[in-house]
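*Asks:* Please read through the structure below; I'll follow up with questions.
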Amino acid sequence: IAAACGAPVRVLSSDEEGQLGFQGALNALRVPPRETLAVIDVGGGSAQIAIGTKREGATWVRSIDLGSMRLTSRLLQGDPPGAEAMDAARREVRVALADINPPFAEEGLAVGGSARALRELTGPTLTAEGLRRAESILTFTPHSELIEVWNIEADRVPTLAAGTVILSALQELVGVPLRVRRGGLRDGALAELEHRIRAGFRGLRLIEFHLVRLGLDGEERRAFGDLRAVLIVHALQKARYTRNQIGRVDRGDVARQFQIGRDGLLERQRHGH
């Protein structure tokens, strides 16, 4: 991916995944800024619980290394899985959640493919009763019938029973119904990227200010070209700004970087480069 995109790639930590999933679920959602929300995100290899407010973001995040694909491969490969396998899956999830005690939440949201697919069985809100009913259907219904009768996407069907077992346990844990949202990790990552880009533009205006202060005339400023963008990226990466810090660029550090860049540029110009 790094070679194809020409950009560095790294694996998100479970905390980052929960934070971004929370942000993506609340993106464009109108809720009181101080209302405490729980966001449940069941993926293929893990599941996250994030609790916080729209104003402060996720302040409590926990992750379990058990997702719909992982649980399916361990215990639920049957078509249909059957009661014995489903009981074993519930026990496995209970063990994974044994040490997790989330704080109080006023409202719950569910994101991810399993939650979206479950709407065909439960409607737009995942309640305890609705999830129990969905588990019963998925325990004994062949995959082909889930596709043809219940209109569930074929690629979601093999792992849906596992996703439902995990969602049911997490819904019980947070103690509130879960409204299904289309947003999630990718939406949160895009929102964070947009925020950083906007901060970068603000940084470029700051850079232009310092170029003038350093005494560069118009021609010299134009000669910098992409260098100013490189410098702001360097400054942001060097400081490893978080979302809350990124707007507070160290003006002294930026000025020093420009002085170094200006000296280097003028030196190259003197040597005819």
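By order in the structure tokens, chains are A, B, ...; within a chain, residues start at 1; ligands start at 1, following the order shown.
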For the contact check between range 42-75 of chain A and range 108-122 of chain A, emit one row per residue of range 42-75 of chain A within 10 Å, containing the shortest atom pair and the distance in Å rounded to one decimal, counting only C-alpha atoms, chain then rising number order, as CSV.
*Replies:*
residue,atom,partner,partner_atom,distance
A:Val42,CA,A:Gly112,CA,5.9
A:Gly43,CA,A:Gly112,CA,6.3
A:Gly44,CA,A:Gly113,CA,9.0
A:Ala47,CA,A:Gly112,CA,9.7
A:Ile49,CA,A:Ala110,CA,9.6
A:Ala50,CA,A:Leu109,CA,9.9
A:Ile51,CA,A:Gly108,CA,9.0
A:Gly67,CA,A:Ser114,CA,10.0
A:Ser68,CA,A:Ser114,CA,7.8
*Asks:* Mind listing the alpha helix (DSSP H) residues of range 42-153 of chain A, per DSSP on the backbone, as a PDB file with N, CA and C atoms, in the first residue's frame?
*Replies:*
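result-v1.pdb written:
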ATOM      1  N   SER A  68     -16.264 -10.594  14.236  1.00  0.00           N
ATOM      2  CA  SER A  68     -17.192 -11.534  13.606  1.00  0.00           C
ATOM      3  C   SER A  68     -16.477 -12.631  12.811  1.00  0.00           C
ATOM      4  N   MET A  69     -15.416 -12.279  12.091  1.00  0.00           N
ATOM      5  CA  MET A  69     -14.690 -13.299  11.323  1.00  0.00           C
ATOM      6  C   MET A  69     -13.919 -14.245  12.240  1.00  0.00           C
ATOM      7  N   ARG A  70     -13.294 -13.686  13.273  1.00  0.00           N
ATOM      8  CA  ARG A  70     -12.506 -14.508  14.190  1.00  0.00           C
ATOM      9  C   ARG A  70     -13.406 -15.495  14.949  1.00  0.00           C
ATOM     10  N   LEU A  71     -14.549 -15.019  15.426  1.00  0.00           N
ATOM     11  CA  LEU A  71     -15.469 -15.899  16.155  1.00  0.00           C
ATOM     12  C   LEU A  71     -16.080 -16.945  15.222  1.00  0.00           C
ATOM     13  N   THR A  72     -16.361 -16.556  13.991  1.00  0.00           N
ATOM     14  CA  THR A  72     -16.889 -17.511  13.013  1.00  0.00           C
ATOM     15  C   THR A  72     -15.895 -18.632  12.754  1.00  0.00           C
ATOM     16  N   SER A  73     -14.635 -18.271  12.534  1.00  0.00           N
ATOM     17  CA  SER A  73     -13.627 -19.292  12.220  1.00  0.00           C
ATOM     18  C   SER A  73     -13.395 -20.237  13.395  1.00  0.00           C
ATOM     19  N   ARG A  74     -13.604 -19.763  14.603  1.00  0.00           N
ATOM     20  CA  ARG A  74     -13.392 -20.606  15.782  1.00  0.00           C
ATOM     21  C   ARG A  74     -14.574 -21.549  16.031  1.00  0.00           C
ATOM     22  N   LEU A  75     -15.814 -21.001  15.931  1.00  0.00           N
ATOM     23  CA  LEU A  75     -16.954 -21.759  16.459  1.00  0.00           C
ATOM     24  C   LEU A  75     -18.192 -21.820  15.573  1.00  0.00           C
ATOM     25  N   ALA A  83     -27.705 -24.572  17.634  1.00  0.00           N
ATOM     26  CA  ALA A  83     -27.811 -24.066  19.000  1.00  0.00           C
ATOM     27  C   ALA A  83     -26.546 -24.303  19.812  1.00  0.00           C
ATOM     28  N   GLU A  84     -25.942 -25.466  19.673  1.00  0.00           N
ATOM     29  CA  GLU A  84     -24.758 -25.786  20.473  1.00  0.00           C
ATOM     30  C   GLU A  84     -23.600 -24.844  20.161  1.00  0.00           C
ATOM     31  N   ALA A  85     -23.379 -24.581  18.878  1.00  0.00           N
ATOM     32  CA  ALA A  85     -22.299 -23.679  18.481  1.00  0.00           C
ATOM     33  C   ALA A  85     -22.581 -22.250  18.940  1.00  0.00           C
ATOM     34  N   MET A  86     -23.834 -21.832  18.857  1.00  0.00           N
ATOM     35  CA  MET A  86     -24.183 -20.473  19.288  1.00  0.00           C
ATOM     36  C   MET A  86     -23.973 -20.321  20.791  1.00  0.00           C
ATOM     37  N   ASP A  87     -24.320 -21.339  21.561  1.00  0.00           N
ATOM     38  CA  ASP A  87     -24.082 -21.287  23.010  1.00  0.00           C
ATOM     39  C   ASP A  87     -22.587 -21.186  23.311  1.00  0.00           C
ATOM     40  N   ALA A  88     -21.783 -21.937  22.578  1.00  0.00           N
ATOM     41  CA  ALA A  88     -20.331 -21.876  22.765  1.00  0.00           C
ATOM     42  C   ALA A  88     -19.797 -20.488  22.418  1.00  0.00           C
ATOM     43  N   ALA A  89     -20.347 -19.885  21.367  1.00  0.00           N
ATOM     44  CA  ALA A  89     -19.921 -18.545  20.967  1.00  0.00           C
ATOM     45  C   ALA A  89     -20.274 -17.519  22.039  1.00  0.00           C
ATOM     46  N   ARG A  90     -21.451 -17.651  22.640  1.00  0.00           N
ATOM     47  CA  ARG A  90     -21.839 -16.726  23.715  1.00  0.00           C
ATOM     48  C   ARG A  90     -20.880 -16.835  24.896  1.00  0.00           C
ATOM     49  N   ARG A  91     -20.494 -18.052  25.238  1.00  0.00           N
ATOM     50  CA  ARG A  91     -19.550 -18.233  26.341  1.00  0.00           C
ATOM     51  C   ARG A  91     -18.202 -17.588  26.018  1.00  0.00           C
ATOM     52  N   GLU A  92     -17.759 -17.747  24.781  1.00  0.00           N
ATOM     53  CA  GLU A  92     -16.482 -17.159  24.353  1.00  0.00           C
ATOM     54  C   GLU A  92     -16.516 -15.634  24.481  1.00  0.00           C
ATOM     55  N   VAL A  93     -17.625 -15.034  24.088  1.00  0.00           N
ATOM     56  CA  VAL A  93     -17.751 -13.578  24.171  1.00  0.00           C
ATOM     57  C   VAL A  93     -17.810 -13.127  25.628  1.00  0.00           C
ATOM     58  N   ARG A  94     -18.530 -13.837  26.458  1.00  0.00           N
ATOM     59  CA  ARG A  94     -18.605 -13.472  27.876  1.00  0.00           C
ATOM     60  C   ARG A  94     -17.225 -13.479  28.522  1.00  0.00           C
ATOM     61  N   VAL A  95     -16.410 -14.458  28.177  1.00  0.00           N
ATOM     62  CA  VAL A  95     -15.044 -14.511  28.710  1.00  0.00           C
ATOM     63  C   VAL A  95     -14.248 -13.282  28.259  1.00  0.00           C
ATOM     64  N   ALA A  96     -14.386 -12.906  26.984  1.00  0.00           N
ATOM     65  CA  ALA A  96     -13.645 -11.760  26.446  1.00  0.00           C
ATOM     66  C   ALA A  96     -14.055 -10.446  27.112  1.00  0.00           C
ATOM     67  N   GLY A 113     -20.288  -3.415   9.533  1.00  0.00           N
ATOM     68  CA  GLY A 113     -21.069  -4.212   8.597  1.00  0.00           C
ATOM     69  C   GLY A 113     -22.093  -5.116   9.248  1.00  0.00           C
ATOM     70  N   SER A 114     -21.759  -5.735  10.376  1.00  0.00           N
ATOM     71  CA  SER A 114     -22.710  -6.620  11.059  1.00  0.00           C
ATOM     72  C   SER A 114     -23.939  -5.847  11.515  1.00  0.00           C
ATOM     73  N   ALA A 115     -23.731  -4.683  12.115  1.00  0.00           N
ATOM     74  CA  ALA A 115     -24.850  -3.872  12.593  1.00  0.00           C
ATOM     75  C   ALA A 115     -25.740  -3.437  11.438  1.00  0.00           C
ATOM     76  N   ARG A 116     -25.141  -3.031  10.332  1.00  0.00           N
ATOM     77  CA  ARG A 116     -25.955  -2.596   9.185  1.00  0.00           C
ATOM     78  C   ARG A 116     -26.749  -3.761   8.596  1.00  0.00           C
ATOM     79  N   ALA A 117     -26.123  -4.928   8.500  1.00  0.00           N
ATOM     80  CA  ALA A 117     -26.822  -6.091   7.957  1.00  0.00           C
ATOM     81  C   ALA A 117     -27.972  -6.512   8.853  1.00  0.00           C
ATOM     82  N   LEU A 118     -27.824  -6.347  10.155  1.00  0.00           N
ATOM     83  CA  LEU A 118     -28.862  -6.764  11.102  1.00  0.00           C
ATOM     84  C   LEU A 118     -30.142  -5.960  10.984  1.00  0.00           C
ATOM     85  N   ARG A 119     -30.086  -4.800  10.359  1.00  0.00           N
ATOM     86  CA  ARG A 119     -31.305  -3.995  10.215  1.00  0.00           C
ATOM     87  C   ARG A 119     -32.395  -4.744   9.484  1.00  0.00           C
ATOM     88  N   GLU A 120     -32.021  -5.689   8.608  1.00  0.00           N
ATOM     89  CA  GLU A 120     -33.018  -6.477   7.892  1.00  0.00           C
ATOM     90  C   GLU A 120     -33.796  -7.382   8.847  1.00  0.00           C
ATOM     91  N   LEU A 121     -33.218  -7.689  10.007  1.00  0.00           N
ATOM     92  CA  LEU A 121     -33.869  -8.573  10.974  1.00  0.00           C
ATOM     93  C   LEU A 121     -34.450  -7.819  12.166  1.00  0.00           C
ATOM     94  N   THR A 122     -33.877  -6.687  12.501  1.00  0.00           N
ATOM     95  CA  THR A 122     -34.269  -5.999  13.737  1.00  0.00           C
ATOM     96  C   THR A 122     -34.866  -4.619  13.529  1.00  0.00           C
ATOM     97  N   ALA A 128     -32.416  -5.281  23.089  1.00  0.00           N
ATOM     98  CA  ALA A 128     -32.123  -6.606  23.645  1.00  0.00           C
ATOM     99  C   ALA A 128     -33.080  -7.647  23.061  1.00  0.00           C
ATOM    100  N   GLU A 129     -34.358  -7.313  22.999  1.00  0.00           N
ATOM    101  CA  GLU A 129     -35.339  -8.253  22.460  1.00  0.00           C
ATOM    102  C   GLU A 129     -35.104  -8.516  20.979  1.00  0.00           C
ATOM    103  N   GLY A 130     -34.840  -7.466  20.218  1.00  0.00           N
ATOM    104  CA  GLY A 130     -34.598  -7.628  18.795  1.00  0.00           C
ATOM    105  C   GLY A 130     -33.364  -8.458  18.503  1.00  0.00           C
ATOM    106  N   LEU A 131     -32.314  -8.277  19.282  1.00  0.00           N
ATOM    107  CA  LEU A 131     -31.091  -9.050  19.087  1.00  0.00           C
ATOM    108  C   LEU A 131     -31.292 -10.521  19.450  1.00  0.00           C
ATOM    109  N   ARG A 132     -32.072 -10.795  20.497  1.00  0.00           N
ATOM    110  CA  ARG A 132     -32.378 -12.199  20.842  1.00  0.00           C
ATOM    111  C   ARG A 132     -33.157 -12.865  19.713  1.00  0.00           C
ATOM    112  N   ARG A 133     -34.104 -12.134  19.141  1.00  0.00           N
ATOM    113  CA  ARG A 133     -34.880 -12.677  18.025  1.00  0.00           C
ATOM    114  C   ARG A 133     -33.974 -12.934  16.827  1.00  0.00           C
ATOM    115  N   ALA A 134     -33.060 -12.008  16.541  1.00  0.00           N
ATOM    116  CA  ALA A 134     -32.130 -12.182  15.423  1.00  0.00           C
ATOM    117  C   ALA A 134     -31.232 -13.389  15.654  1.00  0.00           C
ATOM    118  N   GLU A 135     -30.751 -13.573  16.887  1.00  0.00           N
ATOM    119  CA  GLU A 135     -29.924 -14.734  17.198  1.00  0.00           C
ATOM    120  C   GLU A 135     -30.683 -16.025  16.926  1.00  0.00           C
ATOM    121  N   SER A 136     -31.959 -16.051  17.305  1.00  0.00           N
ATOM    122  CA  SER A 136     -32.772 -17.250  17.088  1.00  0.00           C
ATOM    123  C   SER A 136     -32.903 -17.552  15.596  1.00  0.00           C
ATOM    124  N   ILE A 137     -33.158 -16.528  14.796  1.00  0.00           N
ATOM    125  CA  ILE A 137     -33.286 -16.711  13.345  1.00  0.00           C
ATOM    126  C   ILE A 137     -31.974 -17.227  12.761  1.00  0.00           C
ATOM    127  N   LEU A 138     -30.866 -16.615  13.158  1.00  0.00           N
ATOM    128  CA  LEU A 138     -29.569 -16.970  12.587  1.00  0.00           C
ATOM    129  C   LEU A 138     -29.078 -18.334  13.047  1.00  0.00           C
ATOM    130  N   THR A 139     -29.560 -18.802  14.169  1.00  0.00           N
ATOM    131  CA  THR A 139     -29.147 -20.112  14.679  1.00  0.00           C
ATOM    132  C   THR A 139     -29.606 -21.242  13.768  1.00  0.00           C
ATOM    133  N   PHE A 140     -30.819 -21.105  13.197  1.00  0.00           N
ATOM    134  CA  PHE A 140     -31.424 -22.226  12.469  1.00  0.00           C
ATOM    135  C   PHE A 140     -31.711 -21.959  10.995  1.00  0.00           C
ATOM    136  N   HIS A 143     -27.933 -20.186   5.126  1.00  0.00           N
ATOM    137  CA  HIS A 143     -27.420 -18.968   4.497  1.00  0.00           C
ATOM    138  C   HIS A 143     -28.223 -18.568   3.266  1.00  0.00           C
ATOM    139  N   SER A 144     -28.592 -19.542   2.450  1.00  0.00           N
ATOM    140  CA  SER A 144     -29.322 -19.234   1.213  1.00  0.00           C
ATOM    141  C   SER A 144     -30.652 -18.553   1.515  1.00  0.00           C
ATOM    142  N   GLU A 145     -31.305 -18.961   2.588  1.00  0.00           N
ATOM    143  CA  GLU A 145     -32.592 -18.344   2.957  1.00  0.00           C
ATOM    144  C   GLU A 145     -32.394 -16.931   3.496  1.00  0.00           C
ATOM    145  N   LEU A 146     -31.318 -16.716   4.217  1.00  0.00           N
ATOM    146  CA  LEU A 146     -31.032 -15.366   4.710  1.00  0.00           C
ATOM    147  C   LEU A 146     -30.828 -14.393   3.552  1.00  0.00           C
ATOM    148  N   ILE A 147     -30.237 -14.894   2.481  1.00  0.00           N
ATOM    149  CA  ILE A 147     -30.005 -14.050   1.300  1.00  0.00           C
ATOM    150  C   ILE A 147     -31.296 -13.827   0.526  1.00  0.00           C
ATOM    151  N   GLU A 148     -32.027 -14.902   0.269  1.00  0.00           N
ATOM    152  CA  GLU A 148     -33.197 -14.822  -0.611  1.00  0.00           C
ATOM    153  C   GLU A 148     -34.445 -14.268   0.081  1.00  0.00           C
TER     154      GLU A 148
END
*Asks:* Could you tell me, as a VMD selection string, which residues of range 59-217 of chain A DSSP assigns to strand (DSSP E or B) when given the backbone?
*Replies:* chain A and resid 59 to 64 107 to 111 125 to 126 178 to 180
*Asks:* Please produce a file of the residues just selected, as a compact mmCIF listing (two decimals), in the first residue's frame, where the atoms kept are C-alpha atoms.
*Replies:*
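Result written to again_25.txt:
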# COMPACT_ATOMS: atom_id res chain seq x y z
CA THR A 59 -12.98 9.58 26.81
CA TRP A 60 -13.26 5.83 27.54
CA VAL A 61 -12.24 3.20 24.97
CA ARG A 62 -11.89 -0.56 25.28
CA SER A 63 -11.20 -3.23 22.67
CA ILE A 64 -11.49 -7.01 22.56
CA GLU A 107 -27.61 6.64 24.27
CA GLY A 108 -25.99 3.95 22.16
CA LEU A 109 -24.88 3.73 18.52
CA ALA A 110 -23.72 0.72 16.52
CA VAL A 111 -21.50 0.92 13.43
CA THR A 125 -32.40 0.05 16.42
CA LEU A 126 -30.77 -2.94 18.08
CA LEU A 178 -28.11 0.80 19.82
CA ARG A 179 -29.12 2.96 16.89
CA VAL A 180 -27.44 1.72 13.71
*Asks:* Compile the contact shell of Phe104 in chain A as a PyMOL selection string: residues with an atom at most 9 Å away, counting only C-alpha atoms, same-chain residues fewer than 4 positions apart removed.
*Replies:* chain A and resi 36-38+51+174-175
*Asks:* Determine the nearest neighbour of Leu29 in chain A from the options A:Val149, A:Thr53, A:Gly78, A:Ala169, counting only C-alpha atoms.
*Replies:*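 Residue with the minimum atom-to-atom distance to Leu29 in chain A: A:Thr53.
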*Asks:* How many Å separate CA of Asp79 in chain A from CA of Pro142 in chain A?
*Replies:*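 CA of Pro142 in chain A lies 5.5 Å from CA of Asp79 in chain A.
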*Asks:* Which residues are near Glu17 in chain A? Cut-off 8 Å, only C-alpha atoms, ignore same chain within fewer than 4 positions. Put them as a PyMOL selection string.
*Replies:* chain A and resi 12-13+21+48+185
